[in-house]
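Peer 1: For reference, this is model33.txt, and it has compact mmCIF, C-alpha atoms.
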# COMPACT_ATOMS: atom_id res chain seq x y z
CA MET A 1 -61.94 -50.40 26.35
CA GLN A 2 -59.97 -51.35 29.45
CA PHE A 3 -62.59 -53.87 30.51
CA GLY A 4 -62.54 -55.35 27.01
CA LEU A 5 -58.84 -56.02 27.49
CA VAL A 6 -59.61 -57.57 30.87
CA ALA A 7 -62.14 -59.98 29.34
CA ALA A 8 -59.83 -60.91 26.50
CA ALA A 9 -56.90 -61.61 28.79
CA THR A 10 -58.81 -63.61 31.36
CA ASN A 11 -60.37 -65.70 28.61
CA ALA A 12 -56.92 -66.26 27.14
CA ALA A 13 -55.72 -67.52 30.52
CA GLY A 14 -58.48 -70.09 30.60
CA ILE A 15 -58.80 -71.43 27.03
CA ILE A 16 -55.30 -72.89 26.60
CA LYS A 17 -55.95 -76.60 26.51
CA ALA A 18 -54.26 -78.87 29.02
CA VAL A 19 -52.31 -81.02 26.54
CA ASN A 20 -48.63 -81.74 26.01
CA PRO A 21 -47.30 -80.12 29.18
CA PRO A 22 -44.05 -78.18 28.70
CA ARG A 23 -40.82 -79.72 29.87
CA PHE A 24 -39.10 -78.73 33.10
CA ARG A 25 -36.87 -76.02 31.66
CA ALA A 26 -39.66 -74.40 29.65
CA THR A 27 -41.96 -74.39 32.68
CA VAL A 28 -39.29 -72.91 34.93
CA ALA A 29 -38.36 -70.27 32.33
CA ALA A 30 -41.98 -69.18 31.93
CA LEU A 31 -42.61 -69.03 35.68
CA ALA A 32 -39.32 -67.20 36.24
CA PHE A 33 -40.36 -64.51 33.76
CA GLY A 34 -43.72 -64.29 35.53
CA GLN A 35 -42.00 -63.90 38.90
CA LEU A 36 -39.75 -61.15 37.54
CA VAL A 37 -42.69 -59.13 36.22
CA CYS A 38 -45.06 -59.80 39.14
CA TRP A 39 -42.50 -58.91 41.82
CA ALA A 40 -41.41 -55.80 39.91
CA ALA A 41 -45.00 -54.64 39.48
CA LEU A 42 -46.77 -55.74 42.65
CA TYR A 43 -44.14 -55.47 45.36
CA TYR A 44 -41.52 -52.99 44.20
CA GLY A 45 -43.59 -50.74 41.97
CA PHE A 46 -45.66 -48.85 44.52
CA SER A 47 -42.90 -46.52 45.73
CA SER A 48 -42.31 -45.16 42.22
CA PHE A 49 -45.89 -43.89 42.01
CA VAL A 50 -46.17 -42.24 45.44
CA LEU A 51 -44.83 -38.81 44.47
CA PRO A 52 -46.59 -38.61 41.04
CA MET A 53 -49.90 -39.52 42.68
CA GLN A 54 -49.35 -37.00 45.45
CA ARG A 55 -48.67 -34.22 42.93
CA THR A 56 -51.84 -35.04 40.99
CA LEU A 57 -54.29 -36.00 43.73
CA GLY A 58 -52.93 -34.21 46.79
CA TRP A 59 -53.25 -37.18 49.14
CA SER A 60 -50.93 -37.55 52.12
CA LYS A 61 -48.33 -40.29 52.35
CA PRO A 62 -50.15 -42.09 55.22
CA GLU A 63 -53.35 -42.14 53.14
CA MET A 64 -51.57 -43.66 50.15
CA MET A 65 -49.40 -46.04 52.18
CA GLY A 66 -52.57 -47.36 53.77
CA ALA A 67 -53.58 -48.84 50.41
CA PHE A 68 -50.27 -50.66 50.06
CA THR A 69 -50.60 -51.85 53.65
CA LEU A 70 -54.04 -53.24 52.86
CA GLY A 71 -52.60 -55.14 49.91
CA LEU A 72 -49.83 -56.66 52.00
CA ALA A 73 -52.30 -57.61 54.75
CA LEU A 74 -54.58 -59.39 52.29
CA TRP A 75 -51.54 -61.16 50.84
CA GLY A 76 -50.86 -62.64 54.26
CA ALA A 77 -54.52 -63.38 54.97
CA ALA A 78 -55.05 -65.22 51.67
CA THR A 79 -51.87 -67.29 51.69
CA TYR A 80 -53.29 -70.33 53.50
CA ALA A 81 -56.39 -70.55 51.29
CA ILE A 82 -54.30 -70.21 48.13
CA GLY A 83 -51.96 -72.97 49.28
CA ALA A 84 -54.93 -75.24 49.94
CA ARG A 85 -56.20 -74.71 46.38
CA ILE A 86 -52.78 -75.63 44.99
CA ASP A 87 -52.78 -78.76 47.14
CA ARG A 88 -56.09 -79.68 45.45
CA GLY A 89 -54.41 -79.51 42.04
CA GLN A 90 -55.55 -76.01 41.03
CA GLY A 91 -52.11 -74.42 40.68
CA ARG A 92 -52.63 -73.50 37.02
CA GLN A 93 -55.86 -71.67 37.75
CA VAL A 94 -54.37 -69.95 40.79
CA MET A 95 -51.34 -68.54 39.00
CA SER A 96 -53.13 -67.66 35.75
CA TRP A 97 -56.03 -65.90 37.41
CA GLY A 98 -53.64 -64.34 39.92
CA ALA A 99 -51.75 -62.55 37.14
CA ALA A 100 -55.04 -61.54 35.51
CA LEU A 101 -56.33 -60.17 38.81
CA ALA A 102 -53.12 -58.18 39.18
CA GLY A 103 -53.70 -56.70 35.72
CA ILE A 104 -57.25 -55.73 36.65
CA GLY A 105 -55.93 -54.10 39.81
CA PHE A 106 -53.42 -52.01 37.86
CA LEU A 107 -56.07 -50.86 35.39
CA LEU A 108 -58.32 -49.87 38.27
CA TRP A 109 -55.40 -48.10 39.97
CA SER A 110 -54.76 -46.11 36.79
CA ALA A 111 -58.29 -44.70 36.94
CA VAL A 112 -58.45 -43.76 40.64
CA THR A 113 -60.07 -40.49 41.59
CA SER A 114 -60.75 -41.33 45.24
CA LEU A 115 -59.02 -43.14 48.08
CA THR A 116 -61.81 -45.74 48.02
CA MET A 117 -60.87 -46.71 44.47
CA LEU A 118 -57.18 -46.84 45.41
CA TYR A 119 -57.88 -49.14 48.36
CA LEU A 120 -60.12 -51.36 46.22
CA ALA A 121 -57.39 -51.68 43.59
CA TRP A 122 -54.81 -52.64 46.18
CA GLY A 123 -57.22 -55.05 47.82
CA LEU A 124 -57.39 -56.93 44.51
CA MET A 125 -53.64 -56.75 44.06
CA GLY A 126 -53.05 -58.02 47.60
CA ILE A 127 -54.98 -61.19 46.79
CA SER A 128 -53.10 -61.48 43.51
CA MET A 129 -49.80 -61.35 45.44
CA ALA A 130 -50.83 -64.47 47.34
CA MET A 131 -51.66 -66.12 44.00
CA THR A 132 -48.44 -65.23 42.16
CA LEU A 133 -45.44 -64.31 44.32
CA TYR A 134 -42.90 -67.07 45.00
CA GLU A 135 -44.82 -69.46 47.30
CA PRO A 136 -47.46 -70.55 44.74
CA ALA A 137 -44.75 -71.07 42.11
CA PHE A 138 -42.58 -73.00 44.59
CA ASN A 139 -45.51 -75.24 45.53
CA VAL A 140 -46.51 -75.86 41.92
CA LEU A 141 -42.96 -76.79 40.91
CA THR A 142 -42.64 -79.10 43.90
CA LYS A 143 -45.79 -80.96 42.87
CA ARG A 144 -45.09 -81.10 39.13
CA PHE A 145 -41.38 -81.91 39.28
CA PRO A 146 -40.74 -83.62 42.63
CA GLU A 147 -37.31 -84.81 41.54
CA ARG A 148 -36.07 -81.38 40.38
CA TYR A 149 -38.00 -78.81 42.35
CA VAL A 150 -34.93 -77.52 44.23
CA GLN A 151 -33.32 -76.57 40.91
CA GLY A 152 -36.52 -74.87 39.82
CA ILE A 153 -36.93 -72.88 43.02
CA THR A 154 -33.29 -71.77 42.85
CA ALA A 155 -33.80 -70.57 39.27
CA LEU A 156 -36.95 -68.63 40.23
CA THR A 157 -35.20 -66.84 43.09
CA LEU A 158 -32.18 -66.00 40.95
CA VAL A 159 -34.34 -64.42 38.23
CA GLY A 160 -36.73 -62.85 40.74
CA GLY A 161 -33.77 -61.20 42.42
CA PHE A 162 -33.58 -58.78 39.48
CA ALA A 163 -37.16 -57.56 40.02
CA SER A 164 -36.11 -54.44 41.92
CA THR A 165 -33.48 -53.73 39.26
CA LEU A 166 -36.21 -53.87 36.60
CA SER A 167 -38.96 -52.12 38.55
CA PHE A 168 -37.55 -48.69 39.34
CA PRO A 169 -36.04 -47.74 35.96
CA ALA A 170 -38.95 -49.32 34.05
CA ALA A 171 -41.48 -47.39 36.11
CA ALA A 172 -39.51 -44.15 35.70
CA TRP A 173 -39.31 -44.66 31.93
CA LEU A 174 -43.02 -45.46 31.61
CA ILE A 175 -44.03 -42.49 33.77
CA ALA A 176 -41.86 -40.15 31.68
CA LEU A 177 -43.33 -41.58 28.48
CA LEU A 178 -46.99 -42.07 29.41
CA ASP A 179 -47.57 -40.17 32.68
CA TRP A 180 -48.29 -42.19 35.82
CA ARG A 181 -51.79 -43.25 34.80
CA GLY A 182 -50.62 -44.44 31.39
CA ALA A 183 -47.70 -46.27 33.03
CA LEU A 184 -50.10 -48.18 35.28
CA GLN A 185 -52.26 -49.07 32.29
CA ALA A 186 -49.24 -50.42 30.41
CA ILE A 187 -48.23 -52.59 33.36
CA GLY A 188 -51.79 -53.88 33.70
CA VAL A 189 -51.90 -54.87 30.02
CA VAL A 190 -48.61 -56.77 30.31
CA LEU A 191 -49.93 -58.71 33.31
CA LEU A 192 -53.21 -59.48 31.57
CA LEU A 193 -52.08 -60.25 28.05
CA VAL A 194 -48.59 -61.66 28.63
CA VAL A 195 -48.10 -63.06 32.14
CA ALA A 196 -51.55 -64.60 32.69
CA PRO A 197 -51.57 -66.58 29.39
CA LEU A 198 -47.91 -67.52 29.96
CA HIS A 199 -48.76 -69.03 33.34
CA ALA A 200 -51.66 -70.90 31.80
CA TRP A 201 -49.38 -72.28 29.06
CA ALA A 202 -46.54 -73.24 31.41
CA LEU A 203 -48.82 -75.14 33.79
CA ARG A 204 -51.07 -76.91 31.28
CA GLY A 205 -51.49 -80.65 31.55
CA THR A 206 -50.13 -82.96 34.20
CA PRO A 207 -46.60 -84.32 33.85
CA PRO A 208 -46.37 -88.10 34.23
CA LYS A 209 -45.72 -89.26 37.76
CA THR A 210 -42.20 -90.33 38.49
CA VAL A 211 -40.75 -92.72 40.96
CA ALA A 212 -38.78 -89.85 42.45
CA ALA A 213 -41.76 -88.70 44.46
CA SER A 214 -42.20 -92.15 45.96
CA ALA A 215 -38.50 -92.44 46.62
CA ALA A 216 -38.46 -89.05 48.29
CA GLY A 217 -41.40 -90.06 50.43
CA ALA A 218 -39.67 -93.28 51.43
CA ALA A 219 -36.45 -91.45 52.22
CA SER A 220 -38.33 -89.09 54.49
CA VAL A 221 -39.49 -91.92 56.74
CA VAL A 222 -37.04 -91.33 59.57
CA ASP A 223 -37.16 -91.32 63.31
CA LYS A 224 -39.48 -88.42 64.16
CA ALA A 225 -39.41 -88.76 67.91
CA ASP A 226 -37.76 -85.36 68.30
CA ASP A 227 -39.96 -83.54 65.77
CA ALA A 228 -42.01 -80.85 67.48
CA THR A 229 -45.70 -80.32 66.89
CA LEU A 230 -46.93 -76.75 66.50
CA ASN A 231 -48.20 -76.80 70.09
CA GLN A 232 -44.80 -77.96 71.33
CA ALA A 233 -43.00 -75.35 69.25
CA LEU A 234 -45.20 -72.61 70.70
CA HIS A 235 -43.87 -73.54 74.15
CA GLN A 236 -40.24 -73.17 73.04
CA PRO A 237 -38.50 -69.80 73.59
CA SER A 238 -36.62 -70.35 70.32
CA PHE A 239 -39.89 -70.28 68.36
CA TRP A 240 -40.79 -66.83 69.66
CA LEU A 241 -37.25 -65.52 69.33
CA LEU A 242 -37.06 -66.65 65.70
CA THR A 243 -40.54 -65.25 65.07
CA ALA A 244 -39.45 -61.91 66.54
CA THR A 245 -36.31 -62.01 64.41
CA PHE A 246 -38.05 -62.45 61.07
CA THR A 247 -40.98 -60.21 62.03
CA LEU A 248 -38.63 -57.31 62.76
CA TYR A 249 -36.62 -58.03 59.61
CA SER A 250 -39.78 -58.09 57.48
CA PHE A 251 -40.93 -54.81 59.01
CA GLY A 252 -37.64 -53.03 58.29
CA ALA A 253 -37.30 -54.32 54.73
CA ALA A 254 -40.92 -53.54 53.82
CA ALA A 255 -40.70 -50.06 55.31
CA LEU A 256 -37.58 -49.35 53.28
CA TRP A 257 -39.05 -50.52 49.98
CA ALA A 258 -42.25 -48.55 50.45
CA HIS A 259 -40.39 -45.30 51.22
CA VAL A 260 -37.10 -45.67 49.37
CA MET A 261 -37.76 -43.14 46.58
CA PRO A 262 -39.19 -40.44 48.87
CA ALA A 263 -36.23 -41.05 51.23
CA PHE A 264 -33.79 -40.37 48.40
CA ALA A 265 -35.77 -37.27 47.44
CA ALA A 266 -35.47 -36.04 51.06
CA LYS A 267 -31.68 -36.28 50.68
CA GLY A 268 -31.86 -34.03 47.63
CA PHE A 269 -31.18 -36.82 45.14
CA SER A 270 -32.88 -36.66 41.76
CA GLU A 271 -34.86 -39.64 40.54
CA ALA A 272 -32.04 -40.58 38.16
CA GLN A 273 -29.46 -40.45 40.96
CA ALA A 274 -31.68 -42.57 43.23
CA LEU A 275 -32.19 -45.15 40.49
CA ALA A 276 -28.44 -45.37 39.90
CA VAL A 277 -28.14 -46.60 43.49
CA VAL A 278 -31.29 -48.72 43.88
CA VAL A 279 -30.68 -50.79 40.74
CA TRP A 280 -27.73 -52.46 42.48
CA VAL A 281 -29.93 -54.11 45.11
CA GLY A 282 -31.15 -56.79 42.69
CA PRO A 283 -27.71 -57.91 41.48
CA ALA A 284 -26.50 -58.00 45.10
CA GLN A 285 -29.42 -60.29 45.98
CA VAL A 286 -28.53 -62.61 43.12
CA LEU A 287 -24.83 -62.54 44.03
CA GLY A 288 -25.68 -63.55 47.60
CA ARG A 289 -27.71 -66.51 46.37
CA LEU A 290 -24.98 -67.59 43.95
CA LEU A 291 -22.38 -67.44 46.71
CA PHE A 292 -24.64 -69.53 48.89
CA LEU A 293 -24.96 -72.15 46.15
CA GLY A 294 -21.20 -72.32 45.85
CA PHE A 295 -20.08 -72.06 49.47
CA GLY A 296 -23.18 -72.47 51.65
CA ARG A 297 -22.36 -76.06 52.55
CA TRP A 298 -19.38 -74.87 54.61
CA VAL A 299 -21.32 -72.31 56.66
CA SER A 300 -23.78 -73.25 59.41
CA SER A 301 -27.28 -71.80 59.29
CA ARG A 302 -26.72 -69.90 62.54
CA SER A 303 -23.46 -68.35 61.36
CA LEU A 304 -24.98 -67.41 58.02
CA GLY A 305 -28.01 -65.99 59.80
CA LEU A 306 -25.94 -63.73 62.01
CA ILE A 307 -24.10 -62.37 58.97
CA VAL A 308 -27.23 -61.91 56.89
CA LEU A 309 -29.39 -60.38 59.60
CA GLY A 310 -26.60 -58.04 60.63
CA GLY A 311 -26.65 -56.60 57.13
CA LEU A 312 -30.05 -54.94 57.65
CA PRO A 313 -29.26 -52.56 60.56
CA VAL A 314 -25.84 -51.70 59.14
CA SER A 315 -27.22 -50.94 55.67
CA LEU A 316 -30.10 -48.86 57.07
CA ALA A 317 -27.70 -46.87 59.26
CA ILE A 318 -25.52 -46.20 56.21
CA PHE A 319 -28.56 -45.04 54.25
CA ALA A 320 -29.65 -42.76 57.09
CA LEU A 321 -26.28 -41.07 57.56
CA ALA A 322 -24.72 -41.13 54.07
CA GLU A 323 -24.83 -38.18 51.70
CA GLN A 324 -22.39 -39.37 49.04
CA THR A 325 -23.27 -41.74 46.20
CA LEU A 326 -20.41 -44.12 46.98
CA ALA A 327 -21.63 -44.72 50.53
CA LEU A 328 -25.18 -45.19 49.29
CA LEU A 329 -23.94 -47.79 46.80
CA LEU A 330 -22.49 -49.66 49.79
CA PHE A 331 -25.95 -49.51 51.38
CA ALA A 332 -27.55 -51.00 48.25
CA LEU A 333 -25.03 -53.83 47.97
CA LEU A 334 -25.17 -54.74 51.67
CA PHE A 335 -28.96 -54.56 51.85
CA GLY A 336 -29.34 -56.59 48.65
CA PHE A 337 -26.91 -59.25 49.85
CA ALA A 338 -28.83 -59.66 53.13
CA ASN A 339 -32.24 -59.55 51.50
CA GLY A 340 -31.26 -62.22 49.00
CA LEU A 341 -30.27 -64.73 51.68
CA VAL A 342 -32.72 -64.14 54.51
CA THR A 343 -35.38 -66.43 52.99
CA ILE A 344 -32.84 -69.25 52.70
CA VAL A 345 -31.82 -68.78 56.34
CA ARG A 346 -35.39 -68.88 57.55
CA GLY A 347 -36.29 -71.88 55.41
CA SER A 348 -33.35 -73.95 56.65
CA LEU A 349 -33.59 -73.06 60.34
CA VAL A 350 -37.18 -74.09 60.97
CA PRO A 351 -36.65 -77.80 60.16
CA GLU A 352 -33.28 -77.76 61.91
CA TYR A 353 -34.84 -76.44 65.11
CA PHE A 354 -38.20 -78.21 65.13
CA GLY A 355 -37.91 -81.13 62.70
CA ARG A 356 -39.65 -81.75 59.39
CA GLU A 357 -42.87 -83.55 60.26
CA HIS A 358 -44.82 -80.40 61.18
CA VAL A 359 -42.65 -77.84 59.38
CA GLY A 360 -45.57 -76.50 57.31
CA ARG A 361 -47.67 -75.54 60.31
CA ILE A 362 -44.76 -74.19 62.34
CA SER A 363 -43.36 -72.20 59.43
CA GLY A 364 -46.87 -70.98 58.55
CA ALA A 365 -47.43 -69.70 62.08
CA MET A 366 -44.14 -67.84 61.95
CA SER A 367 -44.66 -66.38 58.50
CA GLY A 368 -48.22 -65.29 59.26
CA ILE A 369 -46.98 -63.01 62.02
CA ALA A 370 -44.14 -61.72 59.81
CA LEU A 371 -46.55 -60.98 56.95
CA MET A 372 -48.74 -58.88 59.22
CA SER A 373 -45.63 -56.98 60.29
CA ARG A 374 -44.67 -56.42 56.66
CA ALA A 375 -48.21 -55.26 55.90
CA SER A 376 -48.20 -52.65 58.65
CA ALA A 377 -44.70 -51.32 57.94
CA PRO A 378 -45.47 -48.77 55.16
CA LEU A 379 -48.29 -47.11 57.12
CA ILE A 380 -46.54 -47.15 60.50
CA THR A 381 -43.44 -45.66 58.88
CA ALA A 382 -45.58 -42.91 57.35
CA TRP A 383 -46.94 -42.16 60.82
CA LEU A 384 -43.38 -42.09 62.18
CA LEU A 385 -42.62 -39.38 59.64
CA LEU A 386 -45.27 -37.23 61.32
CA ALA A 387 -43.64 -37.68 64.74
CA LEU A 388 -39.94 -37.51 63.77
CA PRO A 389 -38.00 -34.74 61.99
CA GLY A 390 -37.51 -36.71 58.76
CA TYR A 391 -36.36 -39.83 56.94
CA ARG A 392 -32.90 -39.76 58.54
CA GLU A 393 -34.39 -40.35 61.99
CA VAL A 394 -36.92 -42.86 60.71
CA LEU A 395 -34.17 -44.93 59.08
CA LEU A 396 -32.17 -44.90 62.31
CA VAL A 397 -35.22 -46.21 64.18
CA LEU A 398 -35.55 -49.00 61.60
CA ALA A 399 -31.84 -49.77 62.00
CA GLY A 400 -32.40 -50.09 65.74
CA LEU A 401 -35.20 -52.59 65.15
CA GLY A 402 -32.87 -54.55 62.88
CA ALA A 403 -30.28 -54.66 65.66
CA VAL A 404 -32.92 -56.07 68.03
CA ALA A 405 -33.62 -58.76 65.42
CA VAL A 406 -29.95 -59.77 65.47
CA VAL A 407 -29.98 -60.04 69.27
CA ALA A 408 -33.16 -62.15 69.16
CA PHE A 409 -31.62 -64.45 66.57
CA ALA A 410 -28.41 -64.89 68.55
CA SER A 411 -30.50 -65.79 71.62
CA ALA A 412 -32.56 -68.41 69.77
CA ARG A 413 -30.83 -71.67 70.59
CA PRO A 414 -32.04 -74.97 69.10
CA PRO A 415 -34.41 -76.79 71.48
CA ARG A 416 -32.82 -79.64 73.33
CA PRO A 417 -33.75 -83.07 71.93
CA LYS A 418 -36.21 -85.01 74.01
CA LYS A 419 -34.67 -87.69 76.16
CA ALA A 420 -35.80 -91.25 75.70
For this file, produce the structure as structure tokens.
Peer 2:
Amino acid sequence: MQFGLVAAATNAAGIIKAVNPPRFRATVAALAFGQLVCWAALYYGFSSFVLPMQRTLGWSKPEMMGAFTLGLALWGAATYAIGARIDRGQGRQVMSWGAALAGIGFLLWSAVTSLTMLYLAWGLMGISMAMTLYEPAFNVLTKRFPERYVQGITALTLVGGFASTLSFPAAAWLIALLDWRGALQAIGVVLLLVVAPLHAWALRGTPPKTVAASAAGAASVVDKADDATLNQALHQPSFWLLTATFTLYSFGAAALWAHVMPAFAAKGFSEAQALAVVVWVGPAQVLGRLLFLGFGRWVSSRSLGLIVLGGLPVSLAIFALAEQTLALLLFALLFGFANGLVTIVRGSLVPEYFGREHVGRISGAMSGIALMSRASAPLITAWLLLALPGYREVLLVLAGLGAVAVVAFASARPPRPKKA
């Protein structure tokens, strides 16, 4: 029966005819809903199922975290190939089939009886992450609406910022109602029968070309004498310092998300008490982005970066040491604020430091290393738990890594412009 649903949904994603493409707002609204559901399910959802799976199947945390690590690694490995397909005009197929593949992965996950099946499910979902989460949607919007893509990307990140707020209570409710296997099946059906066809509908047809794209291209023809190639950037200390900064940040944030519910349980918090804290991360992310829209023009990227990156070690230290709900709420707000702005900081600094001509390659080299760090974080953190007394000590180690990231960022000075 499950595989019948799979066939029906994947067919639905492919049979919507490419006529009368939706307008900008309708496309953005549909993709924003897709981002909300895909981020909530694929990235934030794993932690909610760790303890129920462990109670049923008896697997250790490192064994289970290894599956999530595999998914994150394949996300990073597939990103370049997915971007190339979008560049060839296949964005609709990428995002529609990506959501369908995620649904298949959840249905397979719901039926696991062995670690092999769990790893296979997360292998599929890792590829689906590369096909659905943020970057593909950003690239598609940029190509379809070249004159309004900044507005579209901002809208996607604002809505996507609520994914963590949706994920934890929704997962808890579904698990209480359907058990963990039934909850995974329900999520898989939503991805297959709602998100995949919605992506196919939103990206049907080809909007008429506008002069904005040509104008933007003409406006970008500037003096590029100081723009660094990837090879030149690799010889700059600032490249490696920035890479270290965002690699360490990615590691700390990914480790936290993968272990956040077990960490609360180790403090003696019930699931309901933990959710009452975690749900505030999403609104804090959105608040940070809204504040940036309103006041970001008056703050330099370096100053903003120091503030944002400093939020990670401070919030992790608070989480490690706090026992009261009020202090833990401060952790959630501070971590959410930092997490909501770090992507903006990274995206603005790369062209500022190295120019725009080769920004794709330079940014890709940086992000590839960071994605591998993010992929390894859940498993390495699980191993740390075997060597350290508990989550308190692990969180303090992660806070220390976040502090190193701040030092690396502060040391990363813009390369000096080449002299004529």
Peer 1: Counting all atoms listed in the file, figure out which residue out of A:Pro313, A:Ala73, A:Gly34, A:Val140 gets nearest to Gly123 (chain A).
Peer 2: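 Among A:Pro313, A:Ala73, A:Gly34, A:Val140, it is A:Ala73 that comes nearest to Gly123 (chain A).
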Peer 1: Counting all atoms listed in the file, figure out which residue out of A:Met64, A:Ala377, A:Ile344, A:Ala130 gets nearest to Tyr249 (chain A).
Peer 2: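 Smallest separation from Tyr249 (chain A) among the options: A:Ala377.
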Peer 1: Report, in Å to a single decimal, how far apart CA of Leu309 (chain A) and CA of Val406 (chain A) are.
Peer 2: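 One can read the CA of Val406 (chain A) to CA of Leu309 (chain A) distance as 5.9 Å.
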Peer 1: Could you work out how far CA of Gly103 (chain A) lies from CA of Leu158 (chain A), giving the answer in Å with one decimal?
Peer 2: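 So the answer is 24.0 Å.
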Peer 1: Restricting the calculation to all atoms listed in the file: of A:Arg392, A:Arg23, A:Arg181, A:Arg413, which residue gets closest to Trp201 (chain A)?
Peer 2: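 Smallest distance to Trp201 (chain A) is found for A:Arg23.
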Peer 1: Show me as a count of residues only the residues that reach within 9 Å of (-50.2, -43.2, 59.6), counting only C-alpha atoms and using the file's own coordinates.
Peer 2: 14
Peer 1: Could you pull out every residue with an atom within 9 Å of (-39.0, -61.0, 33.3), file coordinates, counting all atoms listed in the file, and send them as a PyMOL selection string?
Peer 2: chain A and resi 30+32-38+40+159-160+162-163+166
Peer 1: Generate a file of the selected residues that holds C-alpha atoms, formatted as a PDB file, keeping the file's coordinate frame.
Peer 2:
ATOM      1  CA  ALA A  30     -41.980 -69.180  31.930  1.00  0.00           C
ATOM      2  CA  ALA A  32     -39.320 -67.200  36.240  1.00  0.00           C
ATOM      3  CA  PHE A  33     -40.360 -64.510  33.760  1.00  0.00           C
ATOM      4  CA  GLY A  34     -43.720 -64.290  35.530  1.00  0.00           C
ATOM      5  CA  GLN A  35     -42.000 -63.900  38.900  1.00  0.00           C
ATOM      6  CA  LEU A  36     -39.750 -61.150  37.540  1.00  0.00           C
ATOM      7  CA  VAL A  37     -42.690 -59.130  36.220  1.00  0.00           C
ATOM      8  CA  CYS A  38     -45.060 -59.800  39.140  1.00  0.00           C
ATOM      9  CA  ALA A  40     -41.410 -55.800  39.910  1.00  0.00           C
ATOM     10  CA  VAL A 159     -34.340 -64.420  38.230  1.00  0.00           C
ATOM     11  CA  GLY A 160     -36.730 -62.850  40.740  1.00  0.00           C
ATOM     12  CA  PHE A 162     -33.580 -58.780  39.480  1.00  0.00           C
ATOM     13  CA  ALA A 163     -37.160 -57.560  40.020  1.00  0.00           C
ATOM     14  CA  LEU A 166     -36.210 -53.870  36.600  1.00  0.00           C
TER      15      LEU A 166
END
Peer 1: If I take CA of Ala272 (chain A) and CA of Val260 (chain A), how far is one from the other in Å, to one decimal?
Peer 2: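 Taking CA of Ala272 (chain A) as the start and CA of Val260 (chain A) as the end point, the length is 13.3 Å.
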Peer 1: Name all residues at most 7 Å from region 393-403 of chain A (count only C-alpha atoms; drop same-chain ones fewer than 4 positions away) and give them as a PDB file with C-alpha atoms, in the frame of the given file.
Peer 2:
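In the end it all went to part_18.pdb:
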ATOM      1  CA  LEU A 248     -38.630 -57.310  62.760  1.00  0.00           C
ATOM      2  CA  TYR A 249     -36.620 -58.030  59.610  1.00  0.00           C
ATOM      3  CA  GLY A 252     -37.640 -53.030  58.290  1.00  0.00           C
ATOM      4  CA  LEU A 312     -30.050 -54.940  57.650  1.00  0.00           C
ATOM      5  CA  PRO A 313     -29.260 -52.560  60.560  1.00  0.00           C
ATOM      6  CA  VAL A 314     -25.840 -51.700  59.140  1.00  0.00           C
ATOM      7  CA  LEU A 316     -30.100 -48.860  57.070  1.00  0.00           C
ATOM      8  CA  ALA A 317     -27.700 -46.870  59.260  1.00  0.00           C
ATOM      9  CA  ALA A 320     -29.650 -42.760  57.090  1.00  0.00           C
ATOM     10  CA  LEU A 384     -43.380 -42.090  62.180  1.00  0.00           C
ATOM     11  CA  LEU A 385     -42.620 -39.380  59.640  1.00  0.00           C
ATOM     12  CA  LEU A 388     -39.940 -37.510  63.770  1.00  0.00           C
ATOM     13  CA  PRO A 389     -38.000 -34.740  61.990  1.00  0.00           C
ATOM     14  CA  VAL A 407     -29.980 -60.040  69.270  1.00  0.00           C
TER      15      VAL A 407
END
Peer 1: Between A:Gly83, A:Gly368, A:Gly89, A:Gly126, single out the one closest to Thr247 (chain A), counting all atoms listed in the file.
Peer 2: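 The answer is A:Gly368, which sits nearest to Thr247 (chain A).
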Peer 1: Using all atoms listed in the file, can you tell me which of A:Ala284, A:Ala338, A:Leu178, A:Ala99 comes closest to Ala200 (chain A)?
Peer 2: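 So, comparing all the options, the nearest one is A:Ala99.
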Peer 1: With distances taken over all atoms listed in the file, which residue among A:Ala67, A:Val189, A:Leu290, A:Leu184 lies nearest Tyr119 (chain A)?
Peer 2: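 Checking each of A:Ala67, A:Val189, A:Leu290, A:Leu184 against Tyr119 (chain A), counting all atoms listed in the file, the winner is A:Ala67.
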Peer 1: Residues at most 12 Å from Thr206 (chain A), counting all atoms listed in the file, excluding those fewer than 6 positions away in the same chain, as number ranges by chain?
Peer 2: A: 17-24, 27, 89-92, 140-141, 143-145
Peer 1: Extract, using only C-alpha atoms, all DNA, RNA and protein residues at most 12 Å from Thr113 (chain A), discarding same-chain residues fewer than 2 positions from it, and format them as a PyMOL selection string.
Peer 2: chain A and resi 53-54+56-59+108-111+115-121+181
